[in-house]
Structures are given as C-alpha cells and as structure tokens.
Amino acid sequence: MRGFWPMRRGDVNGRGCNCRFVSVRAILVLVIGLVGCGGDEADTGAGQSASATGSGRKTDGADDKAVDALIDRAAKRVQAGDAKTAVELLSQAIGNDAGNARAFVMRADIYARRKQDANALADYSAAIRVEPKTARWLNARGFFLFTRGKRDASLRDLDAAIALDAKYAEAYNNRGLVHVGAQEYDKAIVNFDRAIEADPKYVDAWNNRGFAHFRSGDHDKALADFDQALVCDGDFVMAYNNRALLRMANKDYRRAVADCSSAIERDGDNPRFYQLRRAAYRKLGKSKEALADGERLIWLIKFQQLSRKVAAAPQQAKTYIERAQHLGADGRTGAAMADYQRAITAEPAKAVEAYLARARHWIAAEKWSRALEDCNQALKAGAGHAAWSLRGEVHRGQGDWDRAIADFTKARRFDDVVAETYARRGELHRAAGRKAKATADLKRAAELAPDRFGKTTEKKKP
C-alpha cells in the first residue's frame with residue numbers, strides 16, 4: 001500500500017497536498033478505537049493541521065528568496081518521500097531566517113510523522129512564538145497535541161485559534177474531533193455545525209458530523225451527512241466506508257456492498273473496504289464473493305506489513321526486495337520493478353536478488369541488453385549459479401550459442417532449454433560442414449533430452 005501518503009485538506013486517506021505532512025491515521029485509533037482494518041465502527045474523517053504553504057515572514061530580499069527556495073525544495077523532497085533531506089533543507093532555512101514560521105511548521109509536521117514528538121512540539125511552539133497571532137499555527141499544534149492524546153492542551157490551542165479567527169472551519173472541525181474522542185457527541189456536533197457554517201463545502205466536517213450522529217444513534221441524520229459529504233467530494237472514500245457501516249447496522253447489506261465497491265474503485269489498496277464488503281457478502285450468503293474478498297484482504301495486510309518494514313528500514317535492500325516479490329506475485333510488474341530499483345539504489349552490493357529478478361523481467365520482455373547488464377551486475381554483487389543460468393538465457397536469446405552453453409555449464413544446468421541450445425548449435429555446425437562438432441552437440445542434446453532429440457539423432461546415423 002503506499003507507506004506515508006501526502007495529504008490534502010481534510011482527507012484521511014492522503015490524496016495529494018503541497019502542505020500537510022502529518023498522517024492522521026493514528027487519529028482513527030485514538031478517536032474511535034478501531035482494531036485492525038475496518039472494524040465495526042464508522043470513521044471520522046481527518047483533522048486539519050495548518051497549511052504550511054502560506055508565508056512565514058517573507059520580504060523581497062535576496063536572502064528571503066534563498067530561504068523560500070530551500071523551503072520549496074524541502075516540500076518537493078517530502079512529496080518524494082525523502083524526509084531526511086527535507087529536514088536538512090528546512091534546518092538550513094531556519095538557520096538563515098529564524099523568524100520563518102512556515103519553515104518551523106513544515107519541519108514540525110515531518111517530525112510528527114516520524115514520531116519525533118519532542119522535536120515536533122518544539123517546532124510548532126517556535127512558530128507560535130514567531131507569529132503568536134496566526135491562528136493556523138495554534139491549530140497545527142492543537143491538532144498535533146490531539147493526535148498524541150493531550151486533550152486539554154489541544155483544546156487550549158484550538159480555542160485560542162478560534163478566538164483569533166471566529167470563522168476558522170478547520171479549528172472547529174478539530175475541536176469537534178477532540179470531543180468525539182471524549183464521546184461528547186453533542187459538543188462535537190456543535191463544532192462540526194460551526195465548521196460547516198464557515199465552509200459549506202468542508203467535506204471532513206460533513207463526514208465527521210455524520211459519524212457523531214451515528215454514534216449518537218441518529219441514523220437518519222448520519223445518512224444525510226454522509227450523503228452530503230459525497231456531494232461535496234464524490235471521491236471521499238471514508239464517507240463511502242462510513243455509509244456502508246451505517247447500512248450494515250441497518251441490515252441494508254446490498255447497499256453496503258455497493259458503497260464498499262465504490263470505495264474500492266477509488267482506493268483499491270485499503271484492506272478495510274474488503275473486510276467490510278466481505279462481511280456484507282456473508283450476510284447476503286454470497287460465499288464465493290466473500291472468499292475472494294478474504295483472499296484480497298490477506299494480500300493487502302501482507303502488503304501493509306511489508307510497507308511498514310520498508311518505512312522502518314529504507315536503506316536496506318532486502319525490505320524492498322520482499323515487497324517487490326509480493327507485488328510481482330500480484331502482477332504489479334511496474335511497482336515491483338520500482339522496488340527492485342530502490343533496493344539496488346539503497347544497497348548495490350547486497351541487491352543480488354533485485355538484479356536477478358529484474359533480469360528475469362527483461363528476459364521475458366526480450367530486452368536482452370538490459371537483461372545482460374543486470375546479470376553482470378548480479379555476478380559482481382556475488383551471485384553464482386542463478387546469474388550464470390539467466391545470463392545463459394540472455395545469450396541464447398541473442399543467438400550467441402557458444403556463450404550460452406558456457407554459462408549453462410557454469411550454472412550446472414542440464415534441462416530441456418540447454419538441450420535445445422546444443423541442438424541449435426549442432427544444426428549450425430552441420431550447415432557449416434563442421435560434422436564432428438555437429439555430431440558432438442547433437443549427441444549432447446540427445447543425452448539431455450532423449451525424448452525430444454534422441455530419435456532425430458538416431459535417424460541420422462549411417
């Protein structure tokens with residue numbers, strides 16, 4: 001599944017943004033206690049941290065332009081998944097301009113995502129010291145504190161943000177989430193109401209208010225809010241998920257299946273949707289469909305586990321190789337090849353399997369020069385028989401029978417492919433009048449595959 005997903009405003013599933021780098025997946029567990037993927041509860045949507053795309057302190061001086069350039073480069077590195085370089089660039093920006101709140105918040109978001117909480121809190125607080133009257137920074141820290149279970153401190157920051165900006169929809173939404181976490185649904189609904197009043201197209205607030213109504217037992221209002229969330233954003237998958245859960249609670253299993261399918265169309269790598277649809281299929285007595293979703297669920301859970309391993313050890317080739325093999329088994333060749341390349345980049349000397357796997361791909365595609373290069377790289381990295389065997393296939397594909405047989409011999413390979421290689425070379429020898437060499441090769445082909453080449457050899461005997 002994608003690891004850390006960059007997020008847009010109000011999207012728990014992380015669909016594209018230039019500014020927010022805090023994952024709110026932890027919120028779901030914190031707020032509603034989901035276990036595994038899916039569970040039997042509806043999800044609130046996302047909270048809202050501050051957008052870091054605005055100005056911190058900006059003028060038109062050359063130094064300020066240099067700082068802006070560093071921040072822009074950092075944002076691109078975050079989107080590329082290179083948090084380490086992004087932090088270094090932002091640290092340079094802060095070193096050149098200690099009054100740039102934007103840089104502090106961006107770095108804080110990265111620290112928060114990496115669970116470096118002390119650093120994150122320090123940077124959010126630094127931004128607030130620099131610009132104490134900017135509601136966005138208070139909202140950002142309040143949101144962060146909320147995700148860490150600091151309810152009272154979170155409320156103080158969100159209250160302060162709202163005091164500075166009485167129409168700040170995101171702060172109302174986040175304050176509503178804090179009340180949801182305390183199961184104070186009436187208070188949560190009031191805050192989501194204010195968020196919607198401030199921004200009638202704020203999809204998170206509609207979805208979150210629907211969740212609060214759902215937990216309060218008002219299913220009609222919950223359904224209306226989930227419907228409206230999808231009017232605001234027809235691709236908001238968590239609203240489909242929540243509406244499916246509501247329909248499951250109301251025993252409307254067919255529509256629950258339809259909502260899960262809509263979510264899967266938009267986010268096919270989220271196991272919660274398959275888990276929920278499997279439950280609906282079981283209620284409908286559709287065992288075949290339920291079994292298929294169960295198998296997909298198992299694959300996706302394994303994919304998530306491998307992605308977590310990659311995130312935990314991004315400089316180890318083996319983690320990428322394991323995920324690439326899993327992707328390849330699902331027919332996701334492009335994604336698998338990308339992971340093999342990441343393995344090679346991370347540890348070229350320890351990426352034997354990556355080179356070999358990629359060579360197999362090139363052989364299947366008859367890209368002989370690329371396959372040959374990967375086989376040679378695998379041999380340099382310490383590969384043995386497997387690399388010689390694959391390189392033999394490459395030479396065979398290029399029509400270089402001598403080198404193919406030499407590599408098959410090194411690989412100690414004696415199958416039908418090798419037999420056919422001897423037979424092809426033997427025919428060439430015979431056509432060129434090299435009878436002794438032809439006889440030797442055809443004899444060897446017959447020894448390796450008597451069912452295919454033995455009779456042919458016998459017919460040619462005088």
# chains A, B, ... in the order shown; residues from 1 in each chain; ligands from 1
$ select_by_dssp --residues "segment 177-372 of chain A" --states "alpha helix (DSSP H)" --output "JSON, numbers by chain"
{"A": [177, 178, 179, 180, 181, 185, 186, 187, 188, 189, 190, 191, 192, 193, 194, 195, 196, 197, 198, 203, 204, 205, 206, 207, 208, 209, 210, 211, 212, 213, 214, 215, 216, 219, 220, 221, 222, 223, 224, 225, 226, 227, 228, 229, 230, 231, 232, 237, 238, 239, 240, 241, 242, 243, 244, 245, 246, 247, 248, 249, 253, 254, 255, 256, 257, 258, 259, 260, 261, 262, 263, 264, 265, 266, 271, 272, 273, 274, 275, 276, 277, 278, 279, 280, 281, 282, 283, 287, 288, 289, 290, 291, 292, 293, 294, 295, 296, 297, 298, 299, 300, 301, 302, 303, 304, 305, 306, 307, 308, 309, 310, 311, 312, 317, 318, 319, 320, 321, 322, 323, 324, 325, 326, 327, 328, 329, 333, 334, 335, 336, 337, 338, 339, 340, 341, 342, 343, 344, 345, 346, 352, 353, 354, 355, 356, 357, 358, 359, 360, 361, 362, 363, 364, 368, 369, 370, 371, 372]}
$ residues_around --residues "segment 184-191 of chain A" --least-positions-apart "6" --cutoff "10 Å" --atoms "only C-alpha atoms" --output "JSON, numbers by chain"
{"A": [169, 171, 172, 173, 174, 175, 176, 177, 178, 197, 205, 206, 208, 209, 210, 211, 212, 213, 214, 215, 216]}
$ residues_around --residues "segment 313-327 of chain A" --least-positions-apart "6" --cutoff "10 Å" --atoms "only C-alpha atoms" --output "PyMOL selection string"
chain A and resi 1+82+299-300+302-307+333-355+357
$ atom_distance --atom1 "atom CA of Val105 of chain A" --atom2 "atom CA of Thr147 of chain A"
15.9 Å
$ closest_residue --among "A:Ala66, A:Ala112, A:Ala86, A:Ala98" --to "Glu131 of chain A" --atoms "only C-alpha atoms"
A:Ala98
